[in-house]
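Participant: Let me begin by handing over the structure; questions about it come next.
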Amino acid sequence: MLTMSSRITRHKVGVGLLGSGVVGEAIQDLIFEGLQGHVGADLELEIRKIYTRNPSAKKWFAHRPELFTAQAMEVIDDSQVEIVIEALGLQDAADLPIFRDYILRAFEKGKSVVTSDKAVLARYGKEIWAAAQQSGRQLRFEACVGGGIPVIRSLTESFAVEEPEAVFGIVNGTCNYILSQMEKSGKPYAEALNEAQQKGYAETNPTADVSGSDAEAKLLLLTAVAFGLQLQPGTTWRKGIEDIHAVDFRYAGRTGSSTIKHLAVAKRSDSAVQVFVSPVLMPQDNLLAGIDGATNAICFKGRKSAGPRCDRDCDYVLVGPGAGGGPTAMAVLGDVCELARAKERRFAGLPSLVEPGILTAQPENDIDGSFYVRFIVKDRAGIVGDIGQTFGGLGVNISEIWQLRHSGEELQTLARSYHLKENPEDILPFVITLERATLRQVRDALDSMRNRDYILVDPVWFPIWSAR
Ligand SMILES: NC(=O)c1ccc[n+]([C@@H]2O[C@H](COP(=O)([O-])OP(=O)(O)OC[C@H]3O[C@@H](n4cnc5c(N)ncnc54)[C@H](OP(=O)(O)O)[C@@H]3O)[C@@H](O)[C@H]2O)c1
């Protein structure tokens with residue numbers, strides 16, 4: 001009998017780790033405990049140095065004190081480190097240039113970089129890509145979008161020959177968890193947020209999540225990869241979930257037909273791309289409407305796709321854990337392995353599906369769609385007529401007016417949560433939906449109504465979902 005012995009020599013790769021927080025520690029757990037450094041039959045990952053400002057406080061310090069350093073440069077400059085992992089987390093916006101400098105230094109020193117830090121890439125992406133190019137080294141960032149979901153790899157490799165029409169989805173688990181709780185149990189926003197914090201789905205300071213800025217950073221990376229458009233944070237339209245009230249879910253589901261989801265959206269209209277983060281009113285039969293809790297889901301719609309769509313809005317959807325130390329560490333190490341196995345770790349450019357510079361971002365005010373607008377007014381005659389005239393004067397038609405019966409208890413809760421002095425019986429919530437309009441038209445109409453004596457609360461408004 002013939003036996004074949006095929007011994008593969010493991011290729012050892014020196015890795016330097018910047019950061020020992022949730023993600024950094026999960027990376028250490030995986031390498032020291034789960035993998036014992038071995039990945040497949042061919043690779044051995046060796047952590048050479050770990051940077052944290054507080055080494056002795058870290059879990060693995062007791063076992064591997066020699067690996068820890070409070071000097072980031074010791075990690076980057078270590079001659080045995082071939083790949084630098086940047087897993088630093090933003091505590092203060094002033095930290096970002098420091099993190100950028102670490103990445104630039106790594107390229108200068110001839111190392112490739114894997115990062116989970118979407119904030120640094122969203123802010124300094126252009127500079128960082130240029131430095132990677134200049135140094136001829138690689139940059140990977142799979143963990144930056146969708147945590148453990150292989151979004152970037154799927155887009156750039158599996159869909160490499162597709163021309164994207166739209167990339168959109170639920171990219172912030174905290175927002176999705178809070179909205180799911182509000183919908184299921186009718187909890188007010190503050191209570192749902194509090195519960196998310198208790199369960200570890202929201203930070204003590206939840207601003208980056210609930211304001212949509214975390215989703216924006218991820219969206220900018222998706223937009224760069226899908227459309228070759230490198231935009232700066234703060235230059236796109238962004239709405240968080242802080243204004244959503246339990247009453248909005250009652251209106252959304254008034255016929256059991258819709259819900260509210262917080263989406264990051266990049267979709268083409270001619271040669272421009274609409275890029276925004278916002279809550280949207282979404283039909284219950286949409287695939288994304290069923291994504292509950294902290295899960296993320298990213299949809300992709302191509303221009304060339306000839307096959308049946310997986311949903312009426314998209315061709316493919318990737319669903320999975322959008323955050324968490326374990327899944328994120330897996331995504332980081334997946335990138336490390338890919339780089340380690342690459343014969344040449346030389347620059348291959350920003351992996352975008354459309355050549356950079358061809359498409360432009362649609363100006364924010366030109367973004368168009370149908371809209372949901374919820375009012376809370378002091379009940380009296382003539383209000384709907386006035387609102388209709390104001391929108392009509394700007395060329396916008398009202399499509400429908402929804403008015404539910406509200407119990408005394410519900411009105412009291414509304415009055416309390418908005419700190420209204422009015423007698424709850426005198427307040428009136430209702431919703432109008434608008435036919436196709438631009439953001440500018442909606443904003444202008446609502447601005448011109450701001451001082452009406454009947455408006456008790458700033459109207460809450462957002463798009464009605466359409467992938468087109
Ligand atoms: N956690 C997730 O589920 C997840 C998912 C996807 C992506 N990410 C991204 O991955 C990165 C790390 O996240 P994380 O959850 O591990 O954050 P984290 O637990 O807050 O840890 C942050 C790390 O950054 C370090 N750090 C913070 N400010 C610093 C500064 N000014 N100078 C030097 N070091 C500083 C901390 O240092 P010390 O050790 O000295 O305290 C710590 O090691 C973030 O960019 C995050 O957005 C996280």
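Residue names in the structure tokens use chain letters A, B, ... in the order shown, residue numbers from 1 in each chain, and ligand numbers from 1 in the order shown.
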Would you kindly return, as a ChimeraX atom specification, each protein, DNA or RNA residue with an atom no farther than 8 Å from any atom of segment 124-134 of chain A, considering only C-alpha atoms and excluding same-chain residues fewer than 5 positions away?

Facilitator: /A:100,103-104,107-108,139,230,347-350

Participant: Which residues are near ligand 1 - at most 7 Å, using only C-alpha atoms and all ligand atoms? Format: as a list of chain:residue names.

Facilitator: A:Gly19, A:Ser20, A:Gly21, A:Val22, A:Val23, A:Gly24, A:Thr52, A:Arg53, A:Asn54, A:Ala87, A:Leu88, A:Gly89, A:Leu90, A:Gln91, A:Asp95, A:Ser116, A:Asp117, A:Lys118, A:Ala119, A:Ala143, A:Cys144, A:Val145, A:Gly147, A:Gly322, A:Ala323, A:Gly324, A:Gly325, A:Thr328

Participant: Generate the output file for the selected residues, C-alpha atoms, as a PDB file, in the first residue's frame.

Facilitator:
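File written: part_11.pdb
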```
ATOM      1  CA  GLY A  19      -4.706  47.787  21.913  1.00  0.00           C
ATOM      2  CA  SER A  20      -5.777  45.443  24.632  1.00  0.00           C
ATOM      3  CA  GLY A  21      -9.427  46.336  25.114  1.00  0.00           C
ATOM      4  CA  VAL A  22     -12.410  44.149  24.209  1.00  0.00           C
ATOM      5  CA  VAL A  23     -11.123  43.374  20.703  1.00  0.00           C
ATOM      6  CA  GLY A  24      -7.399  43.294  21.575  1.00  0.00           C
ATOM      7  CA  THR A  52      -1.576  49.175  26.151  1.00  0.00           C
ATOM      8  CA  ARG A  53      -1.164  52.160  28.443  1.00  0.00           C
ATOM      9  CA  ASN A  54      -1.786  49.940  31.394  1.00  0.00           C
ATOM     10  CA  ALA A  87      -7.357  47.654  17.667  1.00  0.00           C
ATOM     11  CA  LEU A  88      -7.457  50.968  19.492  1.00  0.00           C
ATOM     12  CA  GLY A  89     -10.754  52.477  20.592  1.00  0.00           C
ATOM     13  CA  LEU A  90     -11.829  56.043  20.581  1.00  0.00           C
ATOM     14  CA  GLN A  91     -12.341  57.654  23.959  1.00  0.00           C
ATOM     15  CA  ASP A  95      -7.011  60.424  20.020  1.00  0.00           C
ATOM     16  CA  SER A 116     -10.784  47.204  13.409  1.00  0.00           C
ATOM     17  CA  ASP A 117     -10.863  50.974  13.936  1.00  0.00           C
ATOM     18  CA  LYS A 118     -13.510  52.381  11.555  1.00  0.00           C
ATOM     19  CA  ALA A 119     -13.283  55.862  13.081  1.00  0.00           C
ATOM     20  CA  ALA A 143     -13.696  44.065  11.162  1.00  0.00           C
ATOM     21  CA  CYS A 144     -14.569  47.749  10.689  1.00  0.00           C
ATOM     22  CA  VAL A 145     -17.958  47.025   9.104  1.00  0.00           C
ATOM     23  CA  GLY A 147     -17.920  43.075  13.064  1.00  0.00           C
ATOM     24  CA  GLY A 322     -22.110  42.972  14.064  1.00  0.00           C
ATOM     25  CA  ALA A 323     -19.967  43.385  17.169  1.00  0.00           C
ATOM     26  CA  GLY A 324     -18.526  41.596  20.170  1.00  0.00           C
ATOM     27  CA  GLY A 325     -14.930  40.766  20.999  1.00  0.00           C
ATOM     28  CA  THR A 328     -14.492  40.961  15.697  1.00  0.00           C
TER      29      THR A 328
END
```

Participant: Which neighbours of segment 40-50 of chain A fall inside 7 Å, counting only C-alpha atoms, when residues of the same chain fewer than 6 positions from it are skipped, and could you give them as a PyMOL selection string?

Facilitator: chain A and resi 8-19+67-69+75+81

Participant: List the neighbours of Gln181 of chain A out to 10 Å using only C-alpha atoms; skip same-chain residues closer than 2 positions along the sequence, and give me the result as a VMD selection string.

Facilitator: chain A and resid 175 to 179 183 to 189 191 to 193 195 to 196 246 292 to 293

Participant: Write the residues you've just listed into a file as a PDB file, in the first residue's frame, and include C-alpha atoms for each of them.

Facilitator:
```
ATOM      1  CA  CYS A 175     -29.732  51.089  17.519  1.00  0.00           C
ATOM      2  CA  ASN A 176     -31.326  47.924  16.195  1.00  0.00           C
ATOM      3  CA  TYR A 177     -31.604  46.464  19.686  1.00  0.00           C
ATOM      4  CA  ILE A 178     -33.215  49.619  21.087  1.00  0.00           C
ATOM      5  CA  LEU A 179     -35.700  49.919  18.202  1.00  0.00           C
ATOM      6  CA  GLU A 183     -41.416  47.838  18.940  1.00  0.00           C
ATOM      7  CA  LYS A 184     -41.909  44.589  20.842  1.00  0.00           C
ATOM      8  CA  SER A 185     -42.737  45.906  24.267  1.00  0.00           C
ATOM      9  CA  GLY A 186     -43.836  49.485  23.614  1.00  0.00           C
ATOM     10  CA  LYS A 187     -41.005  50.673  25.876  1.00  0.00           C
ATOM     11  CA  PRO A 188     -40.068  54.352  25.743  1.00  0.00           C
ATOM     12  CA  TYR A 189     -36.718  55.147  24.136  1.00  0.00           C
ATOM     13  CA  GLU A 191     -36.060  52.625  28.993  1.00  0.00           C
ATOM     14  CA  ALA A 192     -34.975  50.621  25.936  1.00  0.00           C
ATOM     15  CA  LEU A 193     -31.612  52.428  25.954  1.00  0.00           C
ATOM     16  CA  GLU A 195     -31.876  48.031  29.053  1.00  0.00           C
ATOM     17  CA  ALA A 196     -29.364  47.955  26.172  1.00  0.00           C
ATOM     18  CA  ALA A 246     -43.020  54.404  21.038  1.00  0.00           C
ATOM     19  CA  ASP A 292     -33.995  41.793  15.551  1.00  0.00           C
ATOM     20  CA  GLY A 293     -31.780  42.717  18.462  1.00  0.00           C
TER      21      GLY A 293
END
```

Participant: I need the strand (DSSP E or B) residues of segment 137-369 of chain A per DSSP on the backbone, written as a PyMOL selection string.

Facilitator: chain A and resi 139-140+164-170+237-238+258-269+272-283+295-302+311+314+316-321+360-361+368-369

Participant: Hey, which of A:Asp78, A:Asp315, A:Gly173, A:Gln138 ends up closest to Ala342 of chain A? Count only C-alpha atoms.

Facilitator: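 The answer is A:Gln138, which sits nearest to Ala342 of chain A.
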
Participant: Report the residues of segment 170-419 of chain A whose backbone DSSP state falls under alpha helix (DSSP H), written as an NGL selection string.

Facilitator: :A and (173-185 or 189-198 or 207-210 or 213-227 or 246-252 or 325-341 or 383-393 or 408-417)

Participant: How far is it from atom CA of Met449 of chain A to atom CA of Glu364 of chain A, in Å with one decimal?

Facilitator: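 Going from atom CA of Met449 of chain A over to atom CA of Glu364 of chain A, I get 21.2 Å.
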
Participant: When you count only C-alpha atoms, which of these residues is closest to Asp243 of chain A: A:Arg374, A:Arg64, A:Arg137, A:Arg380?

Facilitator: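 Under the stated criterion, the closest residue is A:Arg374.
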
Participant: For Val273 of chain A, please output as a VMD selection string all residues within 7 Å (counting only C-alpha atoms; exclusion window: fewer than 6 positions along the same chain).

Facilitator: chain A and resid 266 to 267 359 to 362

Participant: What's around Met282 of chain A at 10 Å? Count only C-alpha atoms, leave out sequence neighbours fewer than 4 positions away in its own chain, and write the answer as a PyMOL selection string.

Facilitator: chain A and resi 252-253+257-262+286-289+463-466

Participant: Any idea what's packed within 12 Å of Val161 of chain A, counting only C-alpha atoms, ignoring anything in its chain fewer than 4 positions away? Could you give it as a PDB file with C-alpha atoms, in the first residue's frame?

Facilitator:
```
ATOM      1  CA  SER A 154     -17.656  39.511  -0.043  1.00  0.00           C
ATOM      2  CA  LEU A 155     -17.985  42.858  -1.775  1.00  0.00           C
ATOM      3  CA  THR A 156     -14.480  43.000  -3.154  1.00  0.00           C
ATOM      4  CA  GLU A 157     -13.962  39.345  -4.031  1.00  0.00           C
ATOM      5  CA  ALA A 226     -18.680  49.810  -3.373  1.00  0.00           C
ATOM      6  CA  GLY A 302     -26.083  44.816  -8.309  1.00  0.00           C
ATOM      7  CA  ARG A 303     -26.778  46.364 -11.684  1.00  0.00           C
ATOM      8  CA  LYS A 304     -25.846  43.309 -13.714  1.00  0.00           C
ATOM      9  CA  SER A 305     -27.464  40.625 -11.597  1.00  0.00           C
ATOM     10  CA  SER A 352     -13.309  49.468  -4.790  1.00  0.00           C
ATOM     11  CA  LEU A 353     -15.797  48.054  -7.282  1.00  0.00           C
ATOM     12  CA  VAL A 354     -16.096  51.340  -9.184  1.00  0.00           C
TER      13      VAL A 354
END
```

Participant: Of the candidates A:Gly146, A:Val151, A:Ala57, A:Ile432, which one gets nearest to Asn296 of chain A if we count only C-alpha atoms?

Facilitator: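 Closest to Asn296 of chain A, using only C-alpha atoms: A:Gly146.
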
Participant: Could you tell me how far atom CA of Thr204 of chain A lies from atom CA of Ala264 of chain A, in Å and to one decimal?

Facilitator: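 It comes out at 23.1 Å.
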